[in-house]
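Structure file start29.cif; described as mmCIF, C-alpha atoms.
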```
data_work
loop_
_atom_site.label_atom_id
_atom_site.label_comp_id
_atom_site.auth_asym_id
_atom_site.auth_seq_id
_atom_site.Cartn_x
_atom_site.Cartn_y
_atom_site.Cartn_z
CA MET W 522 37.95 4.85 10.90
CA ALA W 523 38.21 8.09 12.89
CA ASP W 524 39.61 9.99 9.84
CA LYS W 525 36.64 9.27 7.58
CA SER W 526 32.92 8.67 7.73
CA ILE W 527 31.79 5.13 8.39
CA ARG W 528 29.70 3.86 5.50
CA VAL W 529 26.68 1.88 6.67
CA LEU W 530 24.21 0.02 4.48
CA GLN W 531 20.71 -0.61 5.87
CA PHE W 532 19.37 -3.78 4.20
CA SER W 533 15.80 -5.07 4.22
CA GLN W 534 13.06 -6.34 1.90
CA LEU W 535 11.52 -2.88 1.71
CA ILE W 536 11.42 0.39 3.56
CA ASN W 537 8.61 2.71 4.65
CA ARG W 538 8.70 6.29 5.81
CA TYR W 539 9.12 6.45 9.61
CA ASP W 540 9.98 2.75 10.03
CA PHE W 541 12.97 1.40 12.01
CA MET W 542 15.29 1.67 8.99
CA ASP W 543 14.11 5.05 7.82
CA VAL W 544 14.73 6.77 11.14
CA ILE W 545 18.31 5.48 11.19
CA VAL W 546 18.96 6.73 7.66
CA ARG W 547 17.60 10.17 8.50
CA HIS W 548 18.92 10.68 12.02
CA ALA W 549 22.45 9.21 12.04
CA ASP W 550 25.09 11.91 12.44
CA PRO W 551 26.17 12.82 8.88
CA SER W 552 29.54 14.04 10.13
CA GLN W 553 30.41 10.49 11.25
CA PHE W 554 28.26 8.20 9.11
CA ASP W 555 27.21 7.82 5.50
CA VAL W 556 24.04 5.75 5.76
CA LEU W 557 22.49 4.21 2.66
CA ALA W 558 19.36 2.12 2.22
CA CYS W 559 19.28 -1.08 0.16
CA THR W 560 16.09 -3.04 -0.50
CA PHE W 561 14.77 -5.76 -2.81
CA THR W 562 12.45 -3.20 -4.38
CA LYS W 563 11.78 0.51 -4.16
CA ASN W 564 8.11 -0.20 -3.61
CA SER W 565 6.69 0.34 -0.12
CA ASN W 566 3.59 -1.23 1.39
CA ILE W 567 2.62 1.81 3.48
CA GLN W 568 4.44 5.03 2.60
CA LYS W 569 7.45 5.57 0.35
CA PRO W 570 10.44 7.27 2.01
CA GLU W 571 11.12 9.42 -1.09
CA TYR W 572 14.86 9.48 -0.47
CA GLU W 573 15.72 11.00 -3.83
CA LYS W 574 13.76 14.12 -2.91
CA ASP W 575 15.43 14.37 0.49
CA GLY W 576 18.99 13.67 -0.65
CA TYR W 577 19.51 10.14 0.71
CA GLU W 578 20.72 7.21 -1.38
CA HIS W 579 18.38 4.27 -1.89
CA ILE W 580 19.65 1.24 -3.81
CA SER W 581 17.22 -1.34 -5.16
CA LEU W 582 18.30 -4.89 -6.00
CA ASP W 583 15.20 -5.14 -8.22
CA LEU W 584 14.50 -8.70 -7.16
CA PRO W 585 11.43 -10.64 -6.03
CA PHE W 586 11.34 -11.59 -2.36
CA ASN W 587 11.38 -15.37 -2.91
CA LYS W 588 13.91 -18.24 -3.12
CA TYR W 589 15.00 -17.22 -6.60
CA GLY W 590 15.43 -13.63 -5.50
CA PHE W 591 17.33 -14.66 -2.36
CA LEU W 592 19.96 -16.51 -4.40
CA LEU W 593 20.56 -13.60 -6.74
CA ALA W 594 20.49 -11.15 -3.84
CA ILE W 595 23.64 -12.71 -2.36
CA PHE W 596 25.69 -11.72 -5.38
CA LYS W 597 23.95 -8.42 -6.04
CA LEU W 598 24.37 -7.35 -2.42
CA ALA W 599 28.05 -8.32 -2.48
CA SER W 600 28.48 -6.14 -5.57
CA VAL W 601 26.78 -3.21 -3.83
CA LEU W 602 29.00 -3.59 -0.76
CA ARG W 603 32.15 -3.53 -2.89
CA ARG W 604 31.04 -0.74 -5.18
CA GLN W 605 29.87 1.48 -2.33
CA ASN W 606 32.88 0.65 -0.13
CA ILE W 607 30.58 -0.26 2.77
CA ASP W 608 32.12 -0.73 6.22
CA VAL W 609 29.03 -2.10 8.02
CA VAL W 610 25.94 -3.78 6.62
CA HIS W 611 23.02 -3.57 9.04
CA ALA W 612 20.57 -6.36 8.17
CA HIS W 613 16.94 -6.37 9.28
CA HIS W 614 14.86 -9.57 9.52
CA TYR W 615 15.66 -13.26 9.18
CA TYR W 616 16.24 -13.79 5.45
CA GLU W 617 18.03 -10.48 4.98
CA ALA W 618 20.50 -11.42 7.74
CA PHE W 619 21.26 -14.79 6.10
CA ILE W 620 21.68 -13.19 2.67
CA SER W 621 24.02 -10.58 4.16
CA ARG W 622 26.11 -13.24 5.85
CA LEU W 623 26.58 -15.14 2.58
CA ALA W 624 27.37 -11.93 0.68
CA LEU W 625 30.17 -11.18 3.14
CA PHE W 626 32.04 -14.28 1.94
CA PHE W 627 32.85 -12.11 -1.08
CA VAL W 628 33.46 -8.91 0.91
CA PRO W 629 35.20 -10.10 4.10
CA LYS W 630 36.30 -6.62 5.21
CA CYS W 631 32.68 -5.58 5.74
CA LYS W 632 31.16 -6.18 9.18
CA LEU W 633 27.65 -7.50 9.84
CA VAL W 634 25.16 -6.03 12.32
CA ILE W 635 21.77 -7.68 12.79
CA THR W 636 18.60 -6.36 14.37
CA ARG W 637 16.41 -9.26 15.42
CA HIS W 638 12.85 -8.28 14.59
CA TYR W 639 11.16 -11.44 15.83
CA HIS W 640 10.90 -13.22 19.17
CA ASN W 641 9.76 -16.86 19.30
CA GLU W 642 7.75 -16.90 16.07
CA LEU W 643 9.76 -19.80 14.62
CA PHE W 644 8.68 -22.04 17.48
CA LEU W 645 5.03 -21.06 17.01
CA THR W 646 4.83 -21.45 13.23
CA THR W 647 7.42 -24.12 12.32
CA THR W 648 8.10 -27.69 13.41
CA GLY W 649 10.29 -30.71 12.67
CA LEU W 650 13.25 -30.62 10.31
CA LYS W 651 12.24 -27.22 8.94
CA LEU W 652 12.47 -25.69 12.41
CA LYS W 653 15.86 -27.32 12.99
CA LEU W 654 17.14 -25.92 9.69
CA TYR W 655 15.90 -22.41 10.48
CA LEU W 656 17.50 -22.52 13.93
CA TRP W 657 20.80 -23.78 12.49
CA ILE W 658 20.87 -20.94 9.96
CA GLU W 659 20.04 -18.48 12.71
CA LYS W 660 22.88 -19.84 14.84
CA VAL W 661 25.41 -19.54 11.99
CA VAL W 662 24.38 -15.97 11.21
CA ASN W 663 24.45 -14.89 14.86
CA LYS W 664 27.89 -16.42 15.34
CA LYS W 665 29.38 -14.61 12.35
CA SER W 666 27.81 -11.24 13.13
CA CYS W 667 29.71 -8.45 14.81
CA ILE W 668 26.78 -7.35 16.97
CA VAL W 669 23.17 -8.52 17.34
CA ILE W 670 20.77 -5.75 18.31
CA SER W 671 17.85 -6.88 20.47
CA PRO W 672 14.87 -4.51 20.81
CA SER W 673 13.52 -6.12 23.99
CA THR W 674 14.42 -7.87 27.23
CA GLN W 675 12.59 -11.02 26.14
CA ILE W 676 14.54 -11.26 22.88
CA THR W 677 17.78 -10.64 24.74
CA ASP W 678 16.99 -13.53 27.08
CA LEU W 679 16.14 -15.81 24.15
CA LEU W 680 19.39 -14.93 22.36
CA ILE W 681 21.42 -15.78 25.46
CA GLN W 682 19.49 -19.05 25.90
CA SER W 683 20.25 -19.98 22.28
CA GLY W 684 23.97 -19.56 22.88
CA VAL W 685 24.69 -16.09 21.51
CA ASP W 686 27.68 -14.50 23.24
CA ASN W 687 26.30 -11.93 25.68
CA ASN W 688 29.16 -9.57 24.75
CA LYS W 689 27.88 -9.19 21.20
CA ILE W 690 24.25 -8.47 22.17
CA ARG W 691 23.10 -4.85 22.42
CA PHE W 692 19.69 -4.13 23.94
CA ILE W 693 18.39 -1.14 21.96
CA ALA W 694 14.67 -0.38 21.69
CA TYR W 695 13.22 0.84 18.43
CA GLY W 696 13.43 4.57 17.88
CA PHE W 697 10.56 6.65 16.49
CA ASP W 698 10.23 10.09 14.98
CA PHE W 699 7.15 11.37 16.79
CA THR W 700 7.13 14.57 14.75
CA GLY W 701 5.73 12.53 11.85
CA GLU W 702 2.15 12.92 10.69
CA LYS W 703 1.32 9.31 11.60
CA TYR W 704 1.75 10.15 15.30
CA LYS W 705 -0.54 13.19 15.27
CA PRO W 706 -4.26 12.82 16.02
CA ILE W 707 -6.72 13.93 13.38
CA HIS W 708 -9.15 16.80 14.01
CA ALA W 709 -12.05 16.16 16.39
CA VAL W 710 -14.55 16.83 13.59
CA GLU W 711 -13.00 14.02 11.52
CA VAL W 712 -13.01 11.71 14.54
CA GLU W 713 -16.73 12.32 15.05
CA LYS W 714 -17.39 11.71 11.35
CA ILE W 715 -15.60 8.34 11.45
CA ARG W 716 -17.36 7.24 14.64
CA ASN W 717 -20.76 8.24 13.28
CA GLY W 718 -20.04 6.37 10.07
CA LEU W 719 -19.32 3.26 12.12
CA GLY W 720 -22.57 3.60 14.02
CA VAL W 721 -21.00 4.65 17.32
CA GLY W 722 -23.55 6.85 19.02
CA GLU W 723 -23.03 9.42 21.74
CA GLY W 724 -21.43 7.83 24.79
CA GLY W 725 -20.52 4.71 22.83
CA ILE W 726 -17.21 2.87 22.98
CA LEU W 727 -15.15 1.99 19.92
CA ILE W 728 -12.48 -0.69 20.26
CA GLY W 729 -9.88 -1.30 17.57
CA ASN W 730 -7.77 -4.29 16.60
CA PHE W 731 -4.97 -3.44 14.16
CA ALA W 732 -3.11 -6.55 13.04
CA ARG W 733 -2.57 -9.14 10.35
CA HIS W 734 -5.32 -11.75 10.44
CA HIS W 735 -3.37 -14.81 11.51
CA THR W 736 -3.81 -17.58 14.07
CA ILE W 737 -0.92 -16.25 16.18
CA LYS W 738 -2.71 -12.92 16.70
CA GLY W 739 -5.38 -14.29 19.07
CA GLN W 740 -8.24 -12.65 17.17
CA ASP W 741 -10.59 -15.64 17.26
CA LEU W 742 -10.60 -15.63 21.06
CA MET W 743 -10.92 -11.85 21.02
CA LEU W 744 -14.15 -12.13 19.01
CA ARG W 745 -15.53 -14.65 21.49
CA SER W 746 -14.63 -12.32 24.35
CA PHE W 747 -16.15 -9.33 22.55
CA ALA W 748 -19.39 -11.26 22.01
CA GLU W 749 -19.63 -11.71 25.77
CA ILE W 750 -18.85 -8.04 26.39
CA ALA W 751 -21.53 -6.99 23.90
CA ARG W 752 -24.09 -8.98 25.88
CA HIS W 753 -23.32 -6.88 28.95
CA ARG W 754 -22.89 -3.46 27.33
CA LYS W 755 -24.85 -1.62 24.67
CA ASN W 756 -23.41 0.78 22.12
CA ILE W 757 -20.03 -0.93 21.97
CA HIS W 758 -18.28 -1.56 18.67
CA LEU W 759 -15.16 -3.30 17.40
CA ILE W 760 -13.28 -2.49 14.20
CA MET W 761 -10.70 -4.88 12.78
CA ILE W 762 -8.10 -3.27 10.53
CA GLY W 763 -6.03 -5.77 8.60
CA HIS W 764 -6.14 -8.83 6.41
CA GLY W 765 -4.36 -12.14 6.13
CA PRO W 766 -4.69 -15.92 5.82
CA TYR W 767 -7.16 -16.17 8.73
CA HIS W 768 -9.49 -13.40 7.51
CA SER W 769 -12.37 -15.49 6.15
CA GLU W 770 -12.43 -17.64 9.30
CA LEU W 771 -12.71 -14.54 11.47
CA VAL W 772 -15.53 -13.10 9.39
CA GLU W 773 -17.39 -16.41 9.60
CA LEU W 774 -16.82 -16.61 13.36
CA ALA W 775 -18.24 -13.12 13.89
CA SER W 776 -21.35 -14.21 12.00
CA GLU W 777 -21.68 -17.39 14.07
CA LEU W 778 -21.40 -15.37 17.28
CA GLY W 779 -24.11 -12.98 16.13
CA ILE W 780 -21.99 -9.85 16.42
CA ASN W 781 -22.04 -8.72 12.78
CA ASP W 782 -23.77 -5.47 13.69
CA SER W 783 -21.08 -4.60 16.24
CA VAL W 784 -17.94 -5.78 14.42
CA LYS W 785 -16.66 -4.08 11.26
CA PHE W 786 -13.92 -5.66 9.13
CA LEU W 787 -12.31 -2.71 7.35
CA GLY W 788 -9.48 -4.53 5.58
CA TRP W 789 -5.87 -3.49 5.13
CA GLN W 790 -5.35 0.26 5.44
CA LYS W 791 -2.16 2.03 4.41
CA ASN W 792 -3.00 4.87 6.75
CA ILE W 793 -4.47 3.68 10.05
CA ASN W 794 -4.12 7.05 11.77
CA PRO W 795 -7.74 8.19 11.21
CA PHE W 796 -9.14 4.96 12.64
CA LEU W 797 -6.60 4.84 15.46
CA SER W 798 -7.50 8.42 16.36
CA ALA W 799 -11.18 7.46 16.50
CA VAL W 800 -11.02 4.46 18.84
CA ASP W 801 -11.14 4.53 22.64
CA ILE W 802 -9.30 1.26 23.29
CA VAL W 803 -6.76 -0.72 21.25
CA TRP W 804 -7.02 -4.47 21.85
CA HIS W 805 -3.97 -6.55 20.87
CA PRO W 806 -4.24 -10.17 22.15
CA THR W 807 -1.33 -11.50 20.08
CA LEU W 808 0.69 -14.60 20.95
CA GLN W 809 3.93 -13.29 19.47
CA GLU W 810 5.62 -9.97 18.68
CA ALA W 811 9.15 -8.61 18.73
CA PHE W 812 8.27 -5.00 19.39
CA PRO W 813 4.64 -4.16 18.55
CA GLN W 814 4.39 -1.15 16.27
CA ILE W 815 0.72 -0.75 17.13
CA MET W 816 1.74 -0.46 20.78
CA VAL W 817 3.80 2.63 20.03
CA GLU W 818 1.38 4.17 17.54
CA SER W 819 -1.61 3.77 19.85
CA MET W 820 0.20 4.99 22.96
CA ALA W 821 1.57 8.00 21.08
CA LEU W 822 -2.03 8.97 20.30
CA SER W 823 -3.01 8.62 23.99
CA LYS W 824 -5.07 5.50 23.41
CA VAL W 825 -5.64 2.88 26.09
CA LEU W 826 -3.77 -0.25 25.05
CA VAL W 827 -4.88 -3.71 26.18
CA ILE W 828 -2.13 -6.15 25.23
CA THR W 829 -0.66 -9.54 26.05
CA PRO W 830 2.80 -9.53 27.72
CA VAL W 831 4.71 -10.06 24.49
CA SER W 832 8.27 -9.04 23.72
CA GLY W 833 8.69 -5.27 23.76
CA ALA W 834 5.43 -4.64 25.60
CA THR W 835 6.82 -5.78 28.94
CA ASP W 836 9.57 -3.15 28.63
CA ILE W 837 7.20 -0.26 27.88
CA VAL W 838 3.75 -0.93 29.33
CA LYS W 839 3.21 -0.45 33.05
CA ASP W 840 0.04 -2.34 33.93
CA GLY W 841 -2.73 -0.05 35.08
CA ILE W 842 -0.58 3.05 34.64
CA ASN W 843 0.02 3.56 30.91
CA GLY W 844 -1.76 0.46 29.57
CA TYR W 845 -3.13 -2.92 30.56
CA PHE W 846 -1.81 -6.46 30.29
CA ILE W 847 -4.07 -9.41 29.60
CA PRO W 848 -2.91 -13.05 29.87
CA PHE W 849 -2.36 -15.19 26.79
CA ASN W 850 -5.32 -17.25 25.54
CA ASP W 851 -7.69 -16.26 28.35
CA PRO W 852 -10.86 -14.70 26.87
CA VAL W 853 -12.66 -14.88 30.22
CA LYS W 854 -10.04 -12.62 31.78
CA TRP W 855 -10.07 -10.37 28.72
CA THR W 856 -13.81 -9.88 29.13
CA GLU W 857 -13.40 -9.00 32.80
CA THR W 858 -10.64 -6.49 32.02
CA ILE W 859 -12.54 -4.69 29.26
CA LEU W 860 -15.74 -4.50 31.33
CA GLU W 861 -13.80 -3.02 34.25
CA LEU W 862 -12.33 -0.39 31.94
CA LEU W 863 -15.75 0.55 30.61
CA ASP W 864 -16.89 1.25 34.16
CA ASN W 865 -14.15 3.82 34.71
CA ARG W 866 -14.02 6.35 31.86
CA GLU W 867 -11.92 8.83 33.82
CA LYS W 868 -9.25 6.18 34.34
CA LEU W 869 -9.16 5.62 30.59
CA LYS W 870 -8.23 9.26 30.02
CA GLU W 871 -5.52 9.17 32.67
CA VAL W 872 -3.96 5.98 31.29
CA GLY W 873 -4.03 7.41 27.76
CA ILE W 874 -2.15 10.54 28.81
CA ASN W 875 0.44 8.45 30.64
CA ALA W 876 0.84 6.25 27.56
CA SER W 877 1.73 9.20 25.34
CA ARG W 878 4.26 10.52 27.84
CA ALA W 879 5.88 7.10 28.20
CA VAL W 880 6.66 6.47 24.54
CA SER W 881 7.45 10.06 23.57
CA THR W 882 10.29 10.17 26.08
CA ALA W 883 11.67 6.60 26.13
CA LEU W 884 11.43 5.84 22.39
CA ASP W 885 12.24 9.13 20.68
CA ILE W 886 14.80 8.42 17.94
CA LYS W 887 16.86 11.34 19.19
CA MET W 888 17.34 9.37 22.41
CA ILE W 889 18.01 6.08 20.62
CA ILE W 890 20.21 6.97 17.65
CA GLY W 891 23.37 7.44 19.72
CA GLN W 892 23.20 3.81 20.88
CA ILE W 893 22.92 2.60 17.28
CA GLU W 894 25.78 4.84 16.19
CA GLN W 895 27.96 3.33 18.93
CA VAL W 896 27.28 -0.13 17.48
CA TYR W 897 28.64 1.00 14.13
CA LEU W 898 31.68 2.56 15.79
CA ASP W 899 32.37 -0.65 17.75
CA CYS W 900 32.18 -2.78 14.62
CA ALA W 901 33.96 -0.53 12.15
#
```

Write-out of the structure in structure tokens:
Amino acid sequence: MADKSIRVLQFSQLINRYDFMDVIVRHADPSQFDVLACTFTKNSNIQKPEYEKDGYEHISLDLPFNKYGFLLAIFKLASVLRRQNIDVVHAHHYYEAFISRLALFFVPKCKLVITRHYHNELFLTTTGLKLKLYLWIEKVVNKKSCIVISPSTQITDLLIQSGVDNNKIRFIAYGFDFTGEKYKPIHAVEVEKIRNGLGVGEGGILIGNFARHHTIKGQDLMLRSFAEIARHRKNIHLIMIGHGPYHSELVELASELGINDSVKFLGWQKNINPFLSAVDIVWHPTLQEAFPQIMVESMALSKVLVITPVSGATDIVKDGINGYFIPFNDPVKWTETILELLDNREKLKEVGINASRAVSTALDIKMIIGQIEQVYLDCA
């Protein structure tokens, strides 16, 4: 492989500008690697990467992301691997990894690399025979892969516990391109306009929750905790950016708790940067994550992050220094933590500055890409 470029195919349901796939496509050394993107569709749910304009190749399977699409994707992906003479297929997410493994039955010379983008979600959302089936598929895929990339210590530990050979696991955190617009704060005038529009007066505190509305995100307990906080502090507001299967229940709960005037449900937003720039604290009481994107985005903007000790967070957040940990499912403790923060505004500024420094150095894609490139070299 030393005499020619290694051809790598990044495979996922979809791709967005600045996501974990996009930064690999754009930052891998072109003198050693030809990196292509392959997705089920060229649509994006946040921001299109616009590869055609920038000279990168993006292949679409033009398939729905469902059981019917999965079956056809096996054969379509195999055809792409052969036609493009791919050396390494790098699969992202559960179903994409399984599809890639089956496609390689038809292209045995190609090697499989997996990035595991979930921690213990299967155990939290699935039970019985379905869980056993998912775990069996996972085991087969892991066994047949060349290397499994783990973005966190917790995922690494879980992989080892599930029987994955430690020699094929690579602990590589996500890389981010912090030169992107999404990591730059908006102008102070725009921040003030947003805060005023949300009813946050002078000296007020705005807290933000940015997550899918789902039972595993801990948002019901967060609302109960916020209701208690609002009884002790005036001029405090909470915005909830997101949507999902638990949305109506959360809206109803906010009404029952009598906090409608202080809580704003702003729905799904393609661009959260303006709202993230406007908040003082980001509250993320989730039960499960692999590597929280909101952790990085909020810390990059010097926001104070209050988060449960989920996968990824325990590798980046230093409690009381660049963020704060709160225990799982403990709204009483959450209330205490937030109230303590509100009593020390200067500490909030210090922690926010430390947060930005932490992610901008440890997670810069320029620092990470070499580790990913070595994976491709080891496999090819």

Would you kindly translate the PyMOL selection byres ((chain W and resi 569-581) around 12) into the concrete residues it picks from this file, as number ranges by chain? W: 528-549, 551, 555-568, 582-585, 594, 597-598, 600-602, 604-605, 791

Ground truth for the PyMOL selection byres ((chain W and resi 860-874) around 8), written as a PyMOL selection string: chain W and resi 750+820+822-825+841-844+856-859+875-878

Closest pair table for stretch 793-868 of chain W residues within 10 Å of stretch 755-777 of chain W, all atoms listed in the file, as JSON lines:
```
{"residue": "W:Ile793", "atom": "CA", "partner": "W:Ile762", "partner_atom": "CA", "distance": 7.9}
{"residue": "W:Phe796", "atom": "CA", "partner": "W:Ile762", "partner_atom": "CA", "distance": 8.6}
{"residue": "W:Leu797", "atom": "CA", "partner": "W:Ile762", "partner_atom": "CA", "distance": 9.6}
{"residue": "W:Val800", "atom": "CA", "partner": "W:Ile760", "partner_atom": "CA", "distance": 8.7}
{"residue": "W:Ile802", "atom": "CA", "partner": "W:Leu759", "partner_atom": "CA", "distance": 9.5}
{"residue": "W:Val803", "atom": "CA", "partner": "W:Leu759", "partner_atom": "CA", "distance": 9.6}
{"residue": "W:Trp804", "atom": "CA", "partner": "W:Leu759", "partner_atom": "CA", "distance": 9.4}
{"residue": "W:Leu863", "atom": "CA", "partner": "W:Ile757", "partner_atom": "CA", "distance": 9.8}
```

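Among W:Arg691, W:Lys653, W:Lys630, W:Lys665, the residue with the shortest atom-to-atom distance to W:Gln892, counting only C-alpha atoms, is W:Arg691.
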
With a distance cut-off of 12 Å and only C-alpha atoms, select the neighbouring residues of W:Thr646, excluding the residue or stretch itself and same-chain residues fewer than 6 positions from it, and output the selection as a PyMOL selection string. chain W and resi 640+652+655+735-738+808-809

Please enumerate the residues selected by the PyMOL selection byres ((chain W and resi 810) around 8) when evaluated against the supplied file, formatted as number ranges by chain. W: 639-640, 642, 807-809, 811-813, 831-833

Work out how far apart atom CA of W:Arg603 and atom CA of W:Lys660 are and give it in Å to one decimal.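 Going from atom CA of W:Arg603 over to atom CA of W:Lys660 covers 25.8 Å.
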
Could you tell me which of W:Gly729, W:Pro830, W:Gly701, W:Pro852 comes closest to W:Phe786 if we count all atoms listed in the file?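 Comparing W:Gly729, W:Pro830, W:Gly701, W:Pro852 against W:Phe786, the winner is W:Gly729.
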
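Distance-wise, atom CA of W:Ile815 and atom CA of W:Ala732 end up 8.1 Å apart.
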
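Picture a line from atom CA of W:Phe697 to atom CA of W:His611; it runs 17.8 Å.
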